[in-house]
Amino acid sequence: MNYRHAFHAGNFADVVKHTILTRILTYLMRKDAAFRVLDTHAGLGIYDLYGDMAERTGEWRDGISRVMGADLPPPVAELLAPYLDAVRAKNPDGNLRYYPGSPFITRHMLREQDRLMAFELHPMDANRLKENFAGDFQTRITQLDAWDIFGTHLPPKEKRGLVLVDPPFEERGEFNRMAQSLEKAHKRWPGGTYAYWYPIKEPDEVETYVKALKNTGIPKILRLELTIRAPSTPPRLHGTGMVVVNPPFVLEEEMRAVLPALANLLSDEGRGHWRVDWVAGE
Ligand code: SAM
């Protein structure tokens with residue numbers, strides 16, 4: 001387990017991923033009924049952007065920093081507001097220094113009746129996460145292998161909510177595991193919303209994954225992608241993707257408004273591209 005999210009916190013991929021997360025949560029909040037979020041690969045929860053790791057790559061400067069400093073047009077500004085509010089909440093003096101990871105972004109949006117379960121396998125990170133959420137009765141942090149929870153923790157008792165799956169993709173079989181875990185989870189909880197992140201490094205790898213998802217026969221899978229540069233050799237992260245199973249019905253339209261603006265902002269010289277399509281329909 002060498003992956004350290006602190007190197008990448010707040011980069012273009014986090015911006016897109018966390019925007020989608022907040023749009024899904026905003027939709028869940030339309031009803032008063034409680035929901036639960038299961039964050040399977042939670043990370044540390046909070047990242048110091050002036051810390052050694054974040055400064056070494058400086059990725060956040062071309063990610064969250066660009067978005068915070070941008071003059072966003074009205075529909076985009078409104079759609080990004082819940083995400084940017086969560087970032088501002090960790091930077092009350094107005095200077096961007098700390099970046100909240102997925103558990104804190106989720107926590108920022110929970111109402112009294114909602115719950116968050118966050119899983120993290122790395123012992124040090126899991127401990128830090130537990131410290132960060134100490135005393136918070138709405139959040140439960142567990143040090144556990146995420147791939148074990150799909151057969152045990154679903155469905156949640158609220159029967160409403162989101163499973164966010166954001167693995168580090170350190171190992172080659174990760175795309176296969178993603179498809180297999182979705183199949184397992186969907187059998188136990190067909191009505192849940194699932195958001196699975198993936199890196200775009202090698203386009204063929206992504207297409208194989210998408211085919212595997214189609215072959216599961218699971219309906220209602222929306223694909224959302226953004227690339228900030230052309231593919232390169234050797235492969236390097238040039239895009240970010242998310243498949244959302246049972247997406248809120250407004251998500252497609254919202255992301256059709258947001259992704260072009262983010263593609264423009266997060267890429268150099270307008271070389272960004274975006275994509276919204278259905279891997280599987282109704
Ligand atoms: N979701 C976080 C966010 O958006 O702020 C970032 C997560 S980071 C991409 C992936 C995390 O998964 C790392 O902190 C890593 O230690 C953890 N991890 C790796 N393998 C895991 C496993 N099998 N089960 C749970 N966590 C794992």
# chains A, B, ... in the order shown; residues from 1 in each chain; ligands from 1
>>> residues_near_ligand(ligand="ligand 1", cutoff="9 Å", atoms="only C-alpha atoms and all ligand atoms", output="ChimeraX atom specification")
/A:1-6,8-10,14,17-18,39-47,99-105,119-126,143-148,164-170,197
>>> residues_around(residues="A:Tyr194", least_positions_apart="3", cutoff="10 Å", atoms="only C-alpha atoms", output="PyMOL selection string")
chain A and resi 24+37-38+161-165+182+185-186+190-191+197+221+242-247
>>> write_last_selection(atoms="C-alpha atoms", output="compact mmCIF listing (two decimals), in the first residue's frame")
# COMPACT_ATOMS: atom_id res chain seq x y z
CA ILE A 24 -25.63 13.20 -5.81
CA VAL A 37 -23.14 7.15 2.49
CA LEU A 38 -20.61 4.32 2.41
CA GLY A 161 -27.98 6.39 -0.17
CA LEU A 162 -24.71 6.22 -1.97
CA VAL A 163 -21.72 3.90 -2.17
CA LEU A 164 -18.61 5.82 -3.24
CA VAL A 165 -15.80 3.59 -4.51
CA LEU A 182 -20.51 -3.76 -8.41
CA ALA A 185 -23.29 -5.03 -4.40
CA HIS A 186 -26.06 -4.57 -6.93
CA PRO A 190 -30.28 -2.98 -6.55
CA GLY A 191 -31.81 0.38 -5.59
CA TRP A 197 -14.19 6.43 -9.86
CA ILE A 221 -25.20 3.24 -15.63
CA MET A 242 -16.87 8.06 -12.89
CA VAL A 243 -19.62 5.60 -13.55
CA VAL A 244 -22.78 6.22 -11.60
CA VAL A 245 -25.33 3.44 -11.23
CA ASN A 246 -28.89 4.60 -10.51
CA PRO A 247 -27.89 8.26 -10.85
>>> closest_residue(among="A:Leu21, A:Lys201, A:Leu251, A:Arg177", to="A:His108", atoms="only C-alpha atoms")
A:Leu21
>>> select_by_dssp(residues="stretch 46-123 of chain A", states="helix (DSSP H, G or I)", output="ChimeraX atom specification")
/A:52-57,59-62,64-68,74-89,102-109,123
>>> write_last_selection(atoms="N, CA and C atoms", output="compact mmCIF listing (two decimals), in the first residue's frame")
# COMPACT_ATOMS: atom_id res chain seq x y z
N ASP A 52 4.29 18.83 2.76
CA ASP A 52 5.38 18.35 1.91
C ASP A 52 4.88 17.59 0.67
N MET A 53 3.95 16.65 0.89
CA MET A 53 3.51 15.79 -0.23
C MET A 53 2.75 16.60 -1.28
N ALA A 54 1.80 17.40 -0.84
CA ALA A 54 0.99 18.19 -1.79
C ALA A 54 1.88 19.18 -2.53
N GLU A 55 2.84 19.76 -1.84
CA GLU A 55 3.71 20.75 -2.48
C GLU A 55 4.65 20.11 -3.49
N ARG A 56 5.00 18.85 -3.22
CA ARG A 56 5.94 18.18 -4.13
C ARG A 56 5.38 18.01 -5.54
N THR A 57 4.06 17.78 -5.63
CA THR A 57 3.48 17.64 -6.98
C THR A 57 2.82 18.96 -7.42
N GLU A 59 -0.16 19.50 -7.64
CA GLU A 59 -1.32 19.19 -8.51
C GLU A 59 -2.54 20.04 -8.19
N TRP A 60 -2.69 20.40 -6.91
CA TRP A 60 -3.88 21.16 -6.50
C TRP A 60 -3.89 22.54 -7.13
N ARG A 61 -2.71 23.04 -7.50
CA ARG A 61 -2.68 24.39 -8.10
C ARG A 61 -3.37 24.40 -9.46
N ASP A 62 -3.36 23.25 -10.13
CA ASP A 62 -4.07 23.16 -11.42
C ASP A 62 -5.44 22.50 -11.25
N ILE A 64 -8.17 22.44 -7.65
CA ILE A 64 -9.08 23.25 -6.83
C ILE A 64 -8.71 24.74 -6.84
N SER A 65 -7.41 25.04 -6.93
CA SER A 65 -7.00 26.43 -6.90
C SER A 65 -7.57 27.20 -8.10
N ARG A 66 -7.57 26.55 -9.27
CA ARG A 66 -8.12 27.21 -10.46
C ARG A 66 -9.63 27.45 -10.31
N VAL A 67 -10.30 26.46 -9.71
CA VAL A 67 -11.77 26.58 -9.61
C VAL A 67 -12.15 27.64 -8.58
N MET A 68 -11.42 27.65 -7.45
CA MET A 68 -11.73 28.65 -6.40
C MET A 68 -11.50 30.06 -6.92
N PRO A 74 -23.46 31.57 -14.22
CA PRO A 74 -24.52 31.23 -13.26
C PRO A 74 -24.88 29.75 -13.10
N PRO A 75 -25.20 28.97 -14.13
CA PRO A 75 -25.64 27.61 -13.79
C PRO A 75 -24.51 26.80 -13.17
N VAL A 76 -23.29 27.06 -13.62
CA VAL A 76 -22.14 26.29 -13.11
C VAL A 76 -21.84 26.70 -11.67
N ALA A 77 -21.89 28.00 -11.41
CA ALA A 77 -21.61 28.48 -10.05
C ALA A 77 -22.58 27.86 -9.05
N GLU A 78 -23.84 27.78 -9.45
CA GLU A 78 -24.86 27.23 -8.56
C GLU A 78 -24.64 25.73 -8.35
N LEU A 79 -24.28 25.04 -9.42
CA LEU A 79 -24.10 23.59 -9.31
C LEU A 79 -22.82 23.23 -8.53
N LEU A 80 -21.83 24.11 -8.58
CA LEU A 80 -20.59 23.83 -7.83
C LEU A 80 -20.65 24.33 -6.39
N ALA A 81 -21.69 25.12 -6.06
CA ALA A 81 -21.73 25.76 -4.74
C ALA A 81 -21.60 24.78 -3.56
N PRO A 82 -22.31 23.63 -3.56
CA PRO A 82 -22.17 22.75 -2.40
C PRO A 82 -20.73 22.22 -2.23
N TYR A 83 -20.08 21.94 -3.34
CA TYR A 83 -18.69 21.47 -3.29
C TYR A 83 -17.76 22.58 -2.76
N LEU A 84 -17.90 23.76 -3.34
CA LEU A 84 -17.01 24.86 -2.94
C LEU A 84 -17.30 25.31 -1.50
N ASP A 85 -18.55 25.19 -1.08
CA ASP A 85 -18.88 25.50 0.33
C ASP A 85 -18.15 24.56 1.27
N ALA A 86 -18.09 23.28 0.88
CA ALA A 86 -17.40 22.30 1.73
C ALA A 86 -15.91 22.62 1.82
N VAL A 87 -15.33 23.06 0.72
CA VAL A 87 -13.90 23.43 0.74
C VAL A 87 -13.72 24.69 1.59
N ARG A 88 -14.61 25.66 1.43
CA ARG A 88 -14.50 26.92 2.20
C ARG A 88 -14.65 26.66 3.70
N ALA A 89 -15.49 25.67 4.03
CA ALA A 89 -15.72 25.38 5.45
C ALA A 89 -14.42 24.96 6.15
N SER A 102 -13.17 13.10 0.51
CA SER A 102 -14.57 12.70 0.37
C SER A 102 -15.32 12.56 1.71
N PRO A 103 -14.69 12.03 2.79
CA PRO A 103 -15.49 11.91 4.03
C PRO A 103 -15.90 13.26 4.60
N PHE A 104 -15.01 14.25 4.52
CA PHE A 104 -15.37 15.57 5.08
C PHE A 104 -16.35 16.31 4.18
N ILE A 105 -16.21 16.10 2.88
CA ILE A 105 -17.17 16.75 1.97
C ILE A 105 -18.56 16.17 2.23
N THR A 106 -18.62 14.85 2.36
CA THR A 106 -19.90 14.21 2.66
C THR A 106 -20.43 14.70 4.01
N ARG A 107 -19.54 14.69 5.00
CA ARG A 107 -19.97 15.06 6.36
C ARG A 107 -20.53 16.48 6.39
N HIS A 108 -19.92 17.34 5.61
CA HIS A 108 -20.37 18.73 5.56
C HIS A 108 -21.83 18.82 5.11
N MET A 109 -22.24 17.85 4.29
CA MET A 109 -23.59 17.92 3.72
C MET A 109 -24.63 17.09 4.48
N PRO A 123 -3.40 1.40 7.96
CA PRO A 123 -3.58 1.59 9.41
C PRO A 123 -3.35 3.03 9.86
>>> atom_distance(atom1="atom CA of A:Trp278", atom2="atom CA of A:Arg223")
5.8 Å
>>> closest_residue(among="A:Ala280, A:Asn95, A:Thr240, A:Arg36", to="A:Leu262", atoms="only C-alpha atoms")
A:Thr240
>>> residues_around(residues="A:Val279", least_positions_apart="2", cutoff="9 Å", atoms="only C-alpha atoms", output="PyMOL selection string")
chain A and resi 210-211+213-214+219-223+243+277+281
>>> select_by_dssp(residues="stretch 3-235 of chain A", states="strand (DSSP E or B)", output="count of residues only")
39
>>> residues_around(residues="stretch 133-138 of chain A", least_positions_apart="5", cutoff="9 Å", atoms="only C-alpha atoms", output="ChimeraX atom specification")
/A:45,104,107,110,112-117,128
>>> atom_distance(atom1="atom CA of A:Tyr27", atom2="atom CA of A:Ala195")
13.9 Å
>>> residues_around(residues="A:Arg160", least_positions_apart="3", cutoff="9 Å", atoms="only C-alpha atoms", output="PDB file with C-alpha atoms, in the first residue's frame")
ATOM      1  CA  LEU A  28     -30.638  12.844  -1.903  1.00  0.00           C
ATOM      2  CA  ALA A  33     -35.948  10.623   4.594  1.00  0.00           C
ATOM      3  CA  ALA A  34     -32.535   9.689   5.991  1.00  0.00           C
ATOM      4  CA  PHE A  35     -29.755   8.416   3.741  1.00  0.00           C
ATOM      5  CA  ARG A  36     -26.422   6.728   4.331  1.00  0.00           C
ATOM      6  CA  VAL A  37     -23.141   7.146   2.490  1.00  0.00           C
ATOM      7  CA  PRO A 155     -28.118  -2.652   1.956  1.00  0.00           C
ATOM      8  CA  PRO A 156     -27.963   0.015   4.679  1.00  0.00           C
ATOM      9  CA  LYS A 157     -30.949   0.139   6.979  1.00  0.00           C
ATOM     10  CA  GLY A 191     -31.814   0.383  -5.589  1.00  0.00           C
ATOM     11  CA  GLY A 192     -28.651   2.013  -4.228  1.00  0.00           C
ATOM     12  CA  THR A 193     -26.690   4.676  -6.037  1.00  0.00           C
TER      13      THR A 193
END
>>> residues_around(residues="A:Glu225", least_positions_apart="3", cutoff="8 Å", atoms="only C-alpha atoms", output="list of chain:residue names")
A:Gly239, A:Thr240, A:Gly241, A:Met242, A:Trp274, A:Arg275, A:Val276
>>> write_last_selection(atoms="N, CA and C atoms", output="compact mmCIF listing (two decimals), in the first residue's frame")
# COMPACT_ATOMS: atom_id res chain seq x y z
N GLY A 239 -6.93 11.84 -17.61
CA GLY A 239 -8.36 12.07 -17.49
C GLY A 239 -8.92 11.37 -16.26
N THR A 240 -10.14 11.73 -15.96
CA THR A 240 -10.80 11.19 -14.78
C THR A 240 -12.21 10.73 -15.17
N GLY A 241 -12.62 9.61 -14.63
CA GLY A 241 -13.92 9.08 -15.00
C GLY A 241 -14.70 8.62 -13.78
N MET A 242 -16.00 8.58 -13.95
CA MET A 242 -16.87 8.06 -12.89
C MET A 242 -18.03 7.38 -13.57
N TRP A 274 -14.76 16.41 -22.61
CA TRP A 274 -15.66 15.80 -21.63
C TRP A 274 -16.60 14.85 -22.35
N ARG A 275 -17.21 14.01 -21.56
CA ARG A 275 -18.11 13.02 -22.15
C ARG A 275 -19.17 12.64 -21.12
N VAL A 276 -20.40 12.56 -21.57
CA VAL A 276 -21.50 12.08 -20.72
C VAL A 276 -22.28 11.10 -21.58
>>> atom_distance(atom1="atom CA of A:Phe7", atom2="atom CA of A:Gly58")
8.0 Å
